[in-house]
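Text of the file my_file-v5.tsv, holding TSV, C-alpha atoms:
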chain	number	residue	atom	x	y	z
A	1	MET	CA	10.31	-37.36	26.65
A	2	THR	CA	9.35	-33.96	25.23
A	3	VAL	CA	12.16	-32.53	23.12
A	4	ILE	CA	10.45	-29.37	21.87
A	5	ASP	CA	7.75	-27.42	23.68
A	6	CYS	CA	6.40	-24.21	22.11
A	7	GLN	CA	3.62	-22.22	23.76
A	8	ASN	CA	2.15	-19.23	21.92
A	9	LEU	CA	5.49	-18.60	20.26
A	10	LYS	CA	5.64	-15.33	18.30
A	11	LYS	CA	8.39	-13.89	16.15
A	12	ARG	CA	8.07	-10.36	14.76
A	13	TYR	CA	10.40	-8.92	12.21
A	14	LYS	CA	10.34	-5.17	11.53
A	15	ARG	CA	7.55	-5.17	9.01
A	16	MET	CA	5.84	-8.49	9.51
A	17	ASN	CA	4.91	-11.22	11.94
A	18	ALA	CA	6.77	-14.33	10.80
A	19	LEU	CA	5.29	-16.49	13.57
A	20	GLU	CA	1.87	-15.47	14.88
A	21	ASP	CA	1.05	-18.12	17.41
A	22	ILE	CA	2.86	-21.44	17.44
A	23	THR	CA	1.93	-24.05	20.03
A	24	PHE	CA	3.07	-27.67	19.74
A	25	GLN	CA	5.16	-30.32	21.42
A	26	LEU	CA	7.51	-32.80	19.84
A	27	GLU	CA	8.18	-36.15	21.48
A	28	ASP	CA	11.60	-37.74	21.14
A	29	GLN	CA	12.65	-40.26	18.52
A	30	LYS	CA	10.10	-39.40	15.89
A	31	ILE	CA	10.57	-38.14	12.36
A	32	THR	CA	8.26	-35.18	11.87
A	33	GLY	CA	7.66	-33.32	8.62
A	34	LEU	CA	7.35	-29.54	8.96
A	35	ILE	CA	5.07	-28.64	6.09
A	36	GLY	CA	3.83	-25.29	4.86
A	37	ARG	CA	3.72	-23.03	1.86
A	38	ASN	CA	6.32	-20.43	0.97
A	39	GLY	CA	6.34	-17.81	3.69
A	40	ALA	CA	4.44	-19.96	6.21
A	41	GLY	CA	7.20	-19.47	8.80
A	42	LYS	CA	9.02	-22.82	8.55
A	43	THR	CA	12.52	-21.37	8.37
A	44	THR	CA	11.87	-18.82	11.14
A	45	LEU	CA	10.52	-21.56	13.40
A	46	LEU	CA	13.56	-23.78	12.80
A	47	LYS	CA	15.92	-20.87	13.46
A	48	VAL	CA	14.20	-20.11	16.77
A	49	LEU	CA	14.40	-23.79	17.77
A	50	ALA	CA	18.09	-23.94	16.83
A	51	GLY	CA	18.73	-20.84	18.94
A	52	PHE	CA	19.93	-18.72	16.01
A	53	ILE	CA	17.32	-16.04	16.61
A	54	ARG	CA	15.32	-15.04	19.66
A	55	GLU	CA	11.55	-15.33	19.95
A	56	SER	CA	9.59	-12.08	20.35
A	57	SER	CA	7.16	-13.51	22.88
A	58	GLY	CA	5.69	-16.75	24.10
A	59	ASP	CA	7.57	-19.70	25.50
A	60	VAL	CA	9.96	-22.00	23.64
A	61	LYS	CA	11.82	-24.90	25.22
A	62	VAL	CA	14.25	-27.34	23.62
A	63	PHE	CA	15.50	-30.03	26.03
A	64	SER	CA	13.70	-27.93	28.69
A	65	ASN	CA	15.91	-24.89	27.95
A	66	ASN	CA	15.25	-21.72	26.03
A	67	PRO	CA	17.38	-22.37	22.92
A	68	TYR	CA	18.66	-18.82	22.36
A	69	ASN	CA	22.35	-18.63	23.29
A	70	ASN	CA	22.06	-21.93	25.12
A	71	LEU	CA	25.08	-24.22	25.10
A	72	ARG	CA	23.21	-27.39	25.95
A	73	VAL	CA	20.84	-26.85	23.04
A	74	SER	CA	23.55	-25.97	20.55
A	75	ALA	CA	25.68	-28.96	21.55
A	76	ASN	CA	22.78	-31.39	21.12
A	77	SER	CA	21.02	-30.01	18.08
A	78	ILE	CA	21.82	-29.10	14.53
A	79	LEU	CA	20.01	-27.20	11.82
A	80	VAL	CA	20.99	-28.18	8.30
A	81	ASP	CA	20.10	-25.58	5.68
A	82	ASP	CA	21.62	-23.84	2.67
A	83	GLN	CA	22.99	-21.05	4.84
A	84	MET	CA	25.32	-23.27	6.87
A	85	SER	CA	28.73	-21.70	6.77
A	86	PHE	CA	32.12	-23.08	7.63
A	87	PRO	CA	35.47	-21.23	7.89
A	88	ASP	CA	36.93	-20.42	4.47
A	89	SER	CA	40.35	-21.61	5.56
A	90	LEU	CA	39.15	-25.21	5.98
A	91	THR	CA	38.77	-27.81	3.24
A	92	LEU	CA	35.89	-30.27	3.36
A	93	ALA	CA	38.27	-32.87	4.82
A	94	ASP	CA	39.33	-30.39	7.53
A	95	ILE	CA	35.71	-29.69	8.40
A	96	LEU	CA	34.97	-33.38	8.90
A	97	GLU	CA	38.14	-33.74	10.98
A	98	THR	CA	37.32	-30.92	13.40
A	99	ALA	CA	33.63	-31.88	13.73
A	100	PRO	CA	34.11	-34.35	16.64
A	101	ASP	CA	35.42	-31.46	18.77
A	102	PHE	CA	31.98	-29.88	18.59
A	103	TYR	CA	29.70	-32.91	18.39
A	104	LYS	CA	30.42	-35.64	20.89
A	105	ARG	CA	28.29	-38.23	19.08
A	106	TRP	CA	29.97	-37.52	15.71
A	107	ASP	CA	30.17	-40.65	13.56
A	108	ALA	CA	33.38	-40.36	11.54
A	109	GLU	CA	32.85	-43.64	9.75
A	110	LEU	CA	29.40	-42.64	8.49
A	111	ALA	CA	30.77	-39.25	7.41
A	112	THR	CA	33.67	-40.81	5.49
A	113	ASN	CA	31.53	-43.46	3.83
A	114	LEU	CA	28.86	-40.99	2.71
A	115	PHE	CA	31.53	-38.53	1.58
A	116	ARG	CA	33.09	-41.21	-0.63
A	117	TYR	CA	29.77	-42.49	-1.90
A	118	PHE	CA	28.73	-39.04	-3.09
A	119	ARG	CA	32.21	-38.51	-4.62
A	120	LEU	CA	32.92	-35.16	-3.03
A	121	ASN	CA	36.40	-33.73	-3.29
A	122	PRO	CA	38.09	-33.61	0.14
A	123	LYS	CA	40.37	-30.72	-0.90
A	124	GLN	CA	37.56	-28.42	-1.94
A	125	LEU	CA	36.44	-25.37	0.02
A	126	HIS	CA	32.87	-25.30	1.27
A	127	ALA	CA	32.20	-21.85	-0.19
A	128	ARG	CA	33.19	-23.07	-3.67
A	129	LEU	CA	30.82	-26.03	-3.80
A	130	SER	CA	28.03	-26.10	-6.36
A	131	LYS	CA	24.51	-25.70	-4.97
A	132	GLY	CA	23.82	-29.44	-5.24
A	133	ASN	CA	27.12	-30.53	-3.73
A	134	LYS	CA	26.77	-28.01	-0.91
A	135	ALA	CA	23.37	-29.45	-0.05
A	136	THR	CA	24.85	-32.96	-0.17
A	137	PHE	CA	27.80	-32.04	2.06
A	138	ASN	CA	25.55	-30.27	4.57
A	139	MET	CA	23.30	-33.32	4.70
A	140	ILE	CA	26.31	-35.61	5.34
A	141	PHE	CA	27.48	-33.26	8.08
A	142	GLY	CA	24.03	-33.10	9.68
A	143	LEU	CA	23.49	-36.85	9.66
A	144	SER	CA	26.98	-37.57	11.01
A	145	THR	CA	26.55	-35.30	14.04
A	146	ARG	CA	23.94	-37.80	15.29
A	147	CYS	CA	22.51	-34.90	17.28
A	148	GLU	CA	19.62	-35.79	19.54
A	149	LEU	CA	17.63	-33.12	17.72
A	150	THR	CA	18.44	-33.01	14.02
A	151	MET	CA	16.62	-30.42	11.93
A	152	PHE	CA	16.71	-30.05	8.17
A	153	ASP	CA	15.37	-26.99	6.34
A	154	GLU	CA	14.56	-27.88	2.73
A	155	PRO	CA	17.55	-30.24	2.63
A	156	THR	CA	16.97	-31.50	-0.91
A	157	ASN	CA	16.94	-28.06	-2.58
A	158	GLY	CA	19.52	-28.21	-5.35
A	159	MET	CA	20.00	-31.97	-5.16
A	160	ASP	CA	19.26	-33.97	-8.28
A	161	GLU	CA	16.64	-36.72	-8.28
A	162	ALA	CA	19.08	-39.56	-7.55
A	163	VAL	CA	20.79	-37.76	-4.67
A	164	ARG	CA	17.40	-36.90	-3.15
A	165	SER	CA	16.30	-40.48	-3.01
A	166	ASP	CA	19.72	-41.55	-1.67
A	167	PHE	CA	19.44	-38.85	0.98
A	168	TYR	CA	16.02	-40.05	2.15
A	169	ARG	CA	17.27	-43.62	2.22
A	170	ALA	CA	20.39	-42.65	4.19
A	171	LEU	CA	18.28	-40.68	6.65
A	172	LEU	CA	15.93	-43.61	7.22
A	173	LYS	CA	18.71	-46.20	7.57
A	174	ASP	CA	20.65	-44.09	10.03
A	175	TYR	CA	17.48	-43.31	11.98
A	176	ILE	CA	16.66	-47.03	12.23
A	177	ALA	CA	20.15	-47.70	13.57
A	178	HIS	CA	20.20	-44.63	15.85
A	179	PRO	CA	16.69	-43.35	16.56
A	180	ARG	CA	16.60	-39.64	17.35
A	181	THR	CA	14.30	-36.66	16.97
A	182	ILE	CA	14.23	-35.43	13.41
A	183	LEU	CA	12.34	-32.39	12.16
A	184	ILE	CA	12.48	-31.90	8.42
A	185	SER	CA	10.87	-29.15	6.40
A	186	SER	CA	9.98	-29.46	2.76
A	187	HIS	CA	7.71	-28.25	0.01
A	188	HIS	CA	7.78	-31.77	-1.34
A	189	LEU	CA	5.70	-33.78	1.10
A	190	ALA	CA	4.96	-36.52	-1.44
A	191	GLU	CA	8.61	-37.43	-1.95
A	192	MET	CA	9.36	-37.88	1.75
A	193	GLU	CA	6.07	-38.92	3.34
A	194	HIS	CA	7.16	-42.58	3.51
A	195	LEU	CA	9.76	-41.51	6.08
A	196	LEU	CA	7.47	-39.54	8.33
A	197	GLU	CA	5.60	-40.52	11.45
A	198	ASP	CA	3.96	-37.13	12.07
A	199	ILE	CA	3.17	-33.97	10.16
A	200	LEU	CA	3.26	-30.45	11.59
A	201	LEU	CA	1.45	-28.20	9.15
A	202	ILE	CA	1.87	-24.45	9.59
A	203	HIS	CA	0.27	-21.62	7.69
A	204	LYS	CA	0.79	-17.87	8.09
A	205	GLY	CA	2.73	-18.38	11.29
A	206	LYS	CA	0.15	-20.62	12.95
A	207	VAL	CA	-0.15	-24.36	13.46
A	208	VAL	CA	-2.93	-25.81	11.28
A	209	PHE	CA	-2.55	-29.35	12.59
A	210	HIS	CA	-0.06	-31.72	14.17
A	211	GLN	CA	-1.13	-35.27	13.38
A	212	SER	CA	0.20	-38.64	12.38
A	213	LEU	CA	0.70	-39.15	8.67
A	214	GLU	CA	-2.02	-41.80	8.64
A	215	GLU	CA	-4.49	-39.32	10.15
A	216	VAL	CA	-3.61	-36.74	7.51
A	217	LYS	CA	-4.18	-39.29	4.77
A	218	GLU	CA	-7.63	-39.94	6.19
A	219	TYR	CA	-8.43	-36.26	6.73
A	220	ALA	CA	-10.42	-35.71	3.54
A	221	VAL	CA	-12.27	-37.38	0.66
A	222	ALA	CA	-12.92	-36.19	-2.86
A	223	LEU	CA	-16.25	-36.51	-4.67
A	224	GLN	CA	-16.45	-36.36	-8.40
A	225	GLY	CA	-19.54	-36.51	-10.57
A	226	PRO	CA	-22.51	-34.59	-11.98
A	227	THR	CA	-22.56	-31.06	-10.50
A	228	ASN	CA	-26.08	-31.25	-9.06
A	229	LEU	CA	-25.46	-34.60	-7.31
A	230	VAL	CA	-22.08	-33.56	-5.90
A	231	GLU	CA	-23.50	-30.25	-4.66
A	232	LYS	CA	-26.37	-32.05	-2.99
A	233	MET	CA	-24.01	-34.44	-1.21
A	234	THR	CA	-21.68	-31.67	-0.02
A	235	ALA	CA	-24.36	-29.12	0.95
A	236	GLY	CA	-23.77	-27.70	4.43
A	237	LYS	CA	-20.37	-29.38	4.74
A	238	GLU	CA	-16.99	-27.74	5.12
A	239	ILE	CA	-15.61	-27.62	1.58
A	240	LEU	CA	-11.81	-27.76	1.38
A	241	HIS	CA	-11.41	-27.55	-2.35
A	242	THR	CA	-13.60	-27.41	-5.39
A	243	LYS	CA	-13.02	-27.57	-9.09
A	244	GLN	CA	-15.48	-27.42	-11.97
A	245	LEU	CA	-14.23	-30.12	-14.35
A	246	ASP	CA	-16.50	-29.22	-17.27
A	247	SER	CA	-19.99	-27.79	-17.69
A	248	GLN	CA	-21.64	-30.79	-16.04
A	249	ARG	CA	-19.12	-32.34	-13.68
A	250	LYS	CA	-17.57	-31.15	-10.46
A	251	TYR	CA	-14.77	-32.24	-8.10
A	252	VAL	CA	-15.22	-31.36	-4.42
A	253	VAL	CA	-13.01	-32.18	-1.43
A	254	ILE	CA	-14.59	-32.33	2.06
A	255	ARG	CA	-13.61	-33.62	5.51
A	256	ARG	CA	-13.86	-37.41	5.65
A	257	GLU	CA	-17.14	-38.87	6.86
A	258	ASP	CA	-19.40	-41.75	5.96
A	259	LEU	CA	-21.18	-40.83	2.77
A	260	PRO	CA	-24.04	-42.61	1.07
A	261	LEU	CA	-23.09	-44.25	-2.21
A	262	ILE	CA	-24.79	-42.51	-5.10
A	263	GLU	CA	-24.74	-43.85	-8.61
A	264	GLY	CA	-22.55	-41.67	-10.81
A	265	VAL	CA	-20.56	-40.03	-7.99
A	266	MET	CA	-17.06	-41.41	-7.48
A	267	ILE	CA	-15.41	-41.14	-4.06
A	268	TYR	CA	-11.61	-40.91	-3.97
A	269	PRO	CA	-9.01	-40.69	-1.21
A	270	VAL	CA	-7.01	-37.44	-0.98
A	271	SER	CA	-3.23	-37.69	-0.61
A	272	ALA	CA	-1.50	-36.14	2.41
A	273	SER	CA	0.20	-33.59	0.20
A	274	ASP	CA	-3.10	-32.52	-1.39
A	275	VAL	CA	-4.71	-32.26	2.07
A	276	CYS	CA	-1.92	-29.91	3.18
A	277	MET	CA	-2.28	-27.88	-0.01
A	278	TYR	CA	-6.06	-27.54	0.24
A	279	VAL	CA	-6.28	-26.61	3.91
A	280	THR	CA	-3.69	-23.87	3.46
A	281	ASP	CA	-5.36	-22.35	0.40
A	282	ASP	CA	-6.94	-18.96	1.16
A	283	ARG	CA	-8.13	-18.33	-2.38
A	284	LYS	CA	-11.62	-19.27	-3.37
A	285	GLY	CA	-10.74	-20.83	-6.70
A	286	GLY	CA	-7.65	-22.44	-8.19
A	287	ILE	CA	-5.15	-21.49	-10.87
A	288	ASP	CA	-7.69	-22.39	-13.56
A	289	ASP	CA	-9.86	-19.44	-12.49
A	290	VAL	CA	-7.08	-17.03	-13.43
A	291	PHE	CA	-7.47	-18.11	-17.06
A	292	LYS	CA	-11.21	-17.76	-17.31
B	293	MET	CA	11.50	-54.25	-2.37
B	294	ASP	CA	8.15	-52.96	-3.48
B	295	LEU	CA	4.77	-53.49	-1.85
B	296	ASN	CA	1.79	-54.34	-3.95
B	297	SER	CA	1.34	-50.85	-5.38
B	298	ASP	CA	-2.39	-50.69	-4.72
B	299	SER	CA	-1.85	-47.18	-3.42
B	300	THR	CA	-5.35	-46.56	-2.08
B	301	LYS	CA	-4.63	-48.88	0.86
B	302	PRO	CA	-2.72	-47.41	3.81
B	303	ILE	CA	0.88	-48.62	3.99
B	304	TYR	CA	0.43	-50.32	7.37
B	305	ILE	CA	-2.41	-52.43	5.94
B	306	ARG	CA	-0.16	-53.44	3.06
B	307	ILE	CA	2.57	-54.41	5.53
B	308	ALA	CA	0.10	-56.61	7.42
B	309	GLU	CA	-1.05	-58.19	4.15
B	310	TRP	CA	2.54	-58.82	3.07
B	311	ILE	CA	3.24	-60.74	6.29
B	312	GLU	CA	-0.02	-62.66	5.85
B	313	ASN	CA	1.03	-63.61	2.32
B	314	GLU	CA	4.38	-64.83	3.61
B	315	ILE	CA	2.55	-66.98	6.18
B	316	ILE	CA	0.16	-68.38	3.56
B	317	ALA	CA	3.15	-69.23	1.34
B	318	ASP	CA	4.79	-71.02	4.31
B	319	ARG	CA	7.75	-68.67	4.29
B	320	PHE	CA	6.91	-67.92	7.91
B	321	GLN	CA	5.99	-71.07	9.84
B	322	SER	CA	4.09	-71.40	13.12
B	323	ASP	CA	6.11	-70.22	16.11
B	324	GLU	CA	8.69	-68.71	13.81
B	325	LYS	CA	9.85	-65.16	14.45
B	326	VAL	CA	8.72	-62.57	11.88
B	327	HIS	CA	10.57	-59.42	10.87
B	328	SER	CA	10.85	-56.67	13.47
B	329	GLN	CA	9.43	-53.21	12.82
B	330	TYR	CA	12.96	-52.03	12.05
B	331	GLN	CA	13.64	-54.81	9.55
B	332	LEU	CA	10.31	-54.08	7.86
B	333	ALA	CA	11.10	-50.35	7.80
B	334	ASP	CA	14.43	-51.07	6.12
B	335	LEU	CA	12.96	-53.62	3.71
B	336	PHE	CA	10.10	-51.43	2.53
B	337	ASN	CA	11.72	-48.01	3.01
B	338	ILE	CA	9.09	-46.73	5.45
B	339	ASN	CA	8.96	-45.21	8.91
B	340	PRO	CA	9.34	-47.86	11.66
B	341	ALA	CA	6.18	-46.57	13.37
B	342	THR	CA	4.19	-47.38	10.23
B	343	ALA	CA	5.68	-50.88	10.16
B	344	ALA	CA	4.85	-51.32	13.86
B	345	LYS	CA	1.23	-50.45	13.14
B	346	GLY	CA	1.07	-53.26	10.58
B	347	LEU	CA	2.44	-55.72	13.15
B	348	THR	CA	0.01	-54.48	15.81
B	349	ILE	CA	-2.98	-55.24	13.57
B	350	LEU	CA	-1.82	-58.84	13.26
B	351	VAL	CA	-1.27	-59.13	17.02
B	352	GLU	CA	-4.82	-57.82	17.60
B	353	GLN	CA	-6.12	-60.47	15.20
B	354	GLN	CA	-4.05	-63.08	17.06
B	355	ILE	CA	-2.22	-64.02	13.88
B	356	LEU	CA	1.01	-62.99	15.58
B	357	TYR	CA	1.90	-63.11	19.25
B	358	LYS	CA	4.40	-61.07	21.19
B	359	ARG	CA	7.18	-62.49	23.31
B	360	ARG	CA	8.51	-59.76	25.52
B	361	GLY	CA	12.00	-58.73	24.50
B	362	LEU	CA	12.16	-61.36	21.76
B	363	GLY	CA	9.84	-60.05	19.08
B	364	MET	CA	6.74	-61.19	17.20
B	365	PHE	CA	5.99	-64.81	16.36
B	366	VAL	CA	3.52	-66.60	14.10
B	367	ALA	CA	0.58	-68.06	16.03
B	368	LEU	CA	-0.08	-71.80	15.76
B	369	GLU	CA	-3.31	-71.44	13.78
B	370	ALA	CA	-2.22	-68.33	11.88
B	371	LYS	CA	-2.37	-69.76	8.39
B	372	SER	CA	-5.85	-71.25	8.70
B	373	MET	CA	-7.06	-68.03	10.37
B	374	ILE	CA	-5.78	-65.93	7.47
B	375	LEU	CA	-7.26	-68.28	4.88
B	376	GLU	CA	-10.64	-68.20	6.59
B	377	LYS	CA	-10.54	-64.41	6.95
B	378	ARG	CA	-9.59	-63.93	3.30
B	379	ARG	CA	-12.35	-66.29	2.14
B	380	ASN	CA	-14.99	-64.62	4.27
B	381	GLU	CA	-13.98	-61.00	3.67
B	382	THR	CA	-11.70	-60.43	0.71
B	383	LEU	CA	-12.99	-63.08	-1.63
B	384	THR	CA	-16.64	-62.31	-0.88
B	385	GLN	CA	-15.98	-58.63	-1.47
B	386	MET	CA	-14.28	-59.39	-4.80
B	387	ALA	CA	-17.16	-61.64	-5.87
B	388	MET	CA	-19.58	-58.85	-5.04
B	389	GLU	CA	-17.67	-56.41	-7.22
B	390	LEU	CA	-17.49	-58.97	-10.00
B	391	VAL	CA	-21.26	-59.45	-9.93
B	392	LEU	CA	-21.85	-55.68	-9.94
B	393	GLU	CA	-19.51	-55.13	-12.87
B	394	ALA	CA	-21.13	-58.01	-14.78
B	395	ARG	CA	-24.51	-56.39	-14.23
B	396	ARG	CA	-23.26	-53.02	-15.49
B	397	LEU	CA	-21.97	-54.75	-18.64
B	398	SER	CA	-25.21	-56.74	-19.09
B	399	VAL	CA	-23.38	-60.03	-18.64
B	400	THR	CA	-25.87	-62.72	-17.57
B	401	GLU	CA	-25.35	-65.00	-14.58
B	402	GLU	CA	-24.88	-67.92	-16.97
B	403	GLU	CA	-22.19	-66.06	-18.94
B	404	LEU	CA	-20.40	-65.03	-15.75
B	405	ILE	CA	-20.23	-68.63	-14.50
B	406	GLN	CA	-18.93	-69.71	-17.91
B	407	LEU	CA	-16.26	-67.01	-17.68
B	408	ILE	CA	-15.13	-68.21	-14.23
B	409	LYS	CA	-14.96	-71.80	-15.47
B	410	LYS	CA	-12.90	-70.67	-18.43
B	411	CYS	CA	-10.47	-68.82	-16.13
B	412	GLU	CA	-10.23	-71.90	-13.89
B	413	GLY	CA	-9.36	-73.97	-16.95
B	414	GLU	CA	-6.62	-71.58	-18.02
B	415	GLN	CA	-4.99	-71.72	-14.59
B	416	LYS	CA	-4.70	-75.50	-14.70

Let me see the file written as structure tokens.
Amino acid sequence: MTVIDCQNLKKRYKRMNALEDITFQLEDQKITGLIGRNGAGKTTLLKVLAGFIRESSGDVKVFSNNPYNNLRVSANSILVDDQMSFPDSLTLADILETAPDFYKRWDAELATNLFRYFRLNPKQLHARLSKGNKATFNMIFGLSTRCELTMFDEPTNGMDEAVRSDFYRALLKDYIAHPRTILISSHHLAEMEHLLEDILLIHKGKVVFHQSLEEVKEYAVALQGPTNLVEKMTAGKEILHTKQLDSQRKYVVIRREDLPLIEGVMIYPVSASDVCMYVTDDRKGGIDDVFK
Amino acid sequence: MDLNSDSTKPIYIRIAEWIENEIIADRFQSDEKVHSQYQLADLFNINPATAAKGLTILVEQQILYKRRGLGMFVALEAKSMILEKRRNETLTQMAMELVLEARRLSVTEEELIQLIKKCEGEQK
């Protein structure tokens, strides 16, 4: 079943185009990583999908409905981010208590157990939580809704290292027990790639690729060795990234293909997170070139 | 639990190799049910689809067989198939690398054989 279907989706703000041209489909019961640099349009895309803001043009369907102001979409989806707000008159305990009125698949036991595990204070007000605890509470809320479409926007921002890894573990365990469609955005692909089935990479408001994680890991190879040999091997090929290591040696990343083995040139795999970084880099050189 | 952290190999390959190792060590016997994709996902903290891919490889190689609705089971000849495959592919590959490295280090054939014998002796 197709849960999300975007065709040529555009979103214009007053002075800029946040989404230029987004076309992709998301099948149900997969965990997909929404990856992109700062300003790529990740947050805008998630807000359109959640129905918080309206698209400027193009076609967007969530559960076959346009999500904006749609009850079916809002009852069956949730977007967890750092802007989630709850009424100031409710304590954290009150929020968890009223949640089943809005989310029919709400899992009170999971919510209570996670709440206790992370040692949150039930009498506290949401607005008064520290950045890290707010992120933790929002994550607990999002997981416990068991929404058919659960979206997280940079959920681990503000969480410390231990909470992050607990969060990813909790997400995976609950997904195994109750498979559903999960879309999760992050700058930190490396720390969550073990969870992902697919990657949706966007850049400047456009989709760069939508592939399985395994395909992304096999997208590119890196060659390292004497400059003249490496340049000869990569001549005429699409170069994704290049770095001069010292006066004689060079590091070049190209699309994966069968390459002849040449003495002195090492061939390395390129991690999924490096692939995403390189294909979304518009500059010719890297940070090292600034310091030349 | 941690997989053999040889991180250049895709995770699904390492899952397949882990199951093979369990079969070689007789921890999974012939006609015994192996872990489901969900159990593997939980055990190794990975996406269930990745775990399923590891299982699929073993089904394709007829080391495992599927029983509809019941799960994956170890084939009758699984262990001998894995041993043969490892001897033919993995071990040969490792020997090739050993010979190449010996050549780079100017170790003679004689010295290399002595080294292997010495290692054999230490394992006994």

### Message
Residues near region 119-130 of chain A, anyone? I mean within 9 Å using all atoms listed in the file, not counting same-chain ones fewer than 6 positions away, as a ChimeraX atom specification.
### Response
/A:85-95,136-137,158

### Task
Choose the residue, out of A:Asp81, A:Glu109, A:Asp28, A:Asp101, that has the smallest atom-to-atom separation from Asp153 (chain A); count all atoms listed in the file.
A:Asp81

### Query
Could you write out as a ChimeraX atom specification the residues of chain A within 7 Å of chain B, counting all atoms listed in the file?
/A:173,176,194-197,269

### Message
List the spatial neighbours of Ala394 (chain B) as number ranges by chain - criterion: any atom at most 10 Å away, all atoms listed in the file, same-chain residues fewer than 6 positions off excluded.
### Response
B: 388, 400-401, 403-404

### Message
Residues near Tyr103 (chain A), anyone? I mean within 12 Å using all atoms listed in the file, not counting same-chain ones fewer than 2 positions away, as a list in words.
### Response
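Here the answer would be Leu71, Arg72, Val73, Ser74, Ala75, Asn76, Ser77, Ile78, Leu96, Glu97, Thr98, Ala99, Pro100, Asp101, Arg105, Trp106, Asp107, Ala108, Phe141, Gly142, Leu143, Ser144, Thr145, Arg146, Cys147 and Glu148 of chain A.
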
### Message
Can you measure CA of Asp5 (chain A) to CA of Ser273 (chain A) for me? One decimal in Å is fine.
### Response
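Interatomic distance, CA of Asp5 (chain A) to CA of Ser273 (chain A): 25.4 Å.
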
### Query
How far is it from CA of Lys134 (chain A) to CA of Leu189 (chain A), in Å with one decimal?
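Spanning CA of Lys134 (chain A) to CA of Leu189 (chain A) is a straight-line distance of 21.9 Å.
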
### Query
When distances are computed from all atoms listed in the file, which of A:Tyr117, A:Tyr168, A:Phe63, A:Phe24 shows the smallest separation from Phe209 (chain A)?
A:Phe24

### Query
Given the choices A:Gly225, A:Gly33, A:Gly51, A:Gly236, which gets closest to Ile184 (chain A) if the distance is worked out from only C-alpha atoms?
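Closest candidate: A:Gly33.
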
#### Entry: Å distance separating CA of Tyr13 (chain A) from CA of Tyr68 (chain A), one decimal place
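Value for the CA of Tyr13 (chain A)-CA of Tyr68 (chain A) distance: 16.4 Å.
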
Do a neighbour search on region 243-251 of chain A at 10 Å with only C-alpha atoms, toss out local chain neighbours closer than 6 positions, and write the hits as a PDB file with C-alpha atoms, in the coordinates of the input.
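The resulting file, result-v9.pdb, is reproduced below:
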ATOM      1  CA  ALA A 222     -12.920 -36.190  -2.860  1.00  0.00           C
ATOM      2  CA  LEU A 223     -16.250 -36.510  -4.670  1.00  0.00           C
ATOM      3  CA  GLN A 224     -16.450 -36.360  -8.400  1.00  0.00           C
ATOM      4  CA  GLY A 225     -19.540 -36.510 -10.570  1.00  0.00           C
ATOM      5  CA  PRO A 226     -22.510 -34.590 -11.980  1.00  0.00           C
ATOM      6  CA  THR A 227     -22.560 -31.060 -10.500  1.00  0.00           C
ATOM      7  CA  ASN A 228     -26.080 -31.250  -9.060  1.00  0.00           C
ATOM      8  CA  LEU A 229     -25.460 -34.600  -7.310  1.00  0.00           C
ATOM      9  CA  VAL A 230     -22.080 -33.560  -5.900  1.00  0.00           C
ATOM     10  CA  GLU A 231     -23.500 -30.250  -4.660  1.00  0.00           C
ATOM     11  CA  VAL A 265     -20.560 -40.030  -7.990  1.00  0.00           C
ATOM     12  CA  MET A 266     -17.060 -41.410  -7.480  1.00  0.00           C
ATOM     13  CA  ILE A 267     -15.410 -41.140  -4.060  1.00  0.00           C
ATOM     14  CA  GLY A 285     -10.740 -20.830  -6.700  1.00  0.00           C
ATOM     15  CA  GLY A 286      -7.650 -22.440  -8.190  1.00  0.00           C
ATOM     16  CA  ASP A 288      -7.690 -22.390 -13.560  1.00  0.00           C
ATOM     17  CA  ASP A 289      -9.860 -19.440 -12.490  1.00  0.00           C
TER      18      ASP A 289
END

### Task
Please identify all polymer residues within 10 Å of Asp274 (chain A), counting all atoms listed in the file, omitting same-chain residues fewer than 5 positions from it, and present them as a PyMOL selection string.
chain A and resi 189-190+216-217+220+241+253+279-280

For region 102-106 of chain A, supply N, CA, C and O atoms and report the output as a PDB file, in the coordinates of the input.
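Result file follows (result-v8.pdb):
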ATOM      1  N   PHE A 102      33.209 -30.617  18.284  1.00  0.00           N
ATOM      2  CA  PHE A 102      31.980 -29.880  18.590  1.00  0.00           C
ATOM      3  C   PHE A 102      30.797 -30.805  18.871  1.00  0.00           C
ATOM      4  O   PHE A 102      29.884 -30.440  19.580  1.00  0.00           O
ATOM      5  N   TYR A 103      30.834 -31.991  18.244  1.00  0.00           N
ATOM      6  CA  TYR A 103      29.700 -32.910  18.390  1.00  0.00           C
ATOM      7  C   TYR A 103      30.190 -34.225  18.968  1.00  0.00           C
ATOM      8  O   TYR A 103      30.874 -34.990  18.296  1.00  0.00           O
ATOM      9  N   LYS A 104      29.816 -34.485  20.206  1.00  0.00           N
ATOM     10  CA  LYS A 104      30.420 -35.640  20.890  1.00  0.00           C
ATOM     11  C   LYS A 104      29.914 -36.971  20.346  1.00  0.00           C
ATOM     12  O   LYS A 104      30.542 -38.000  20.534  1.00  0.00           O
ATOM     13  N   ARG A 105      28.784 -36.971  19.644  1.00  0.00           N
ATOM     14  CA  ARG A 105      28.290 -38.230  19.080  1.00  0.00           C
ATOM     15  C   ARG A 105      28.675 -38.371  17.603  1.00  0.00           C
ATOM     16  O   ARG A 105      28.134 -39.211  16.896  1.00  0.00           O
ATOM     17  N   TRP A 106      29.558 -37.524  17.133  1.00  0.00           N
ATOM     18  CA  TRP A 106      29.970 -37.520  15.710  1.00  0.00           C
ATOM     19  C   TRP A 106      30.363 -38.922  15.257  1.00  0.00           C
ATOM     20  O   TRP A 106      31.127 -39.613  15.927  1.00  0.00           O
TER      21      TRP A 106
END
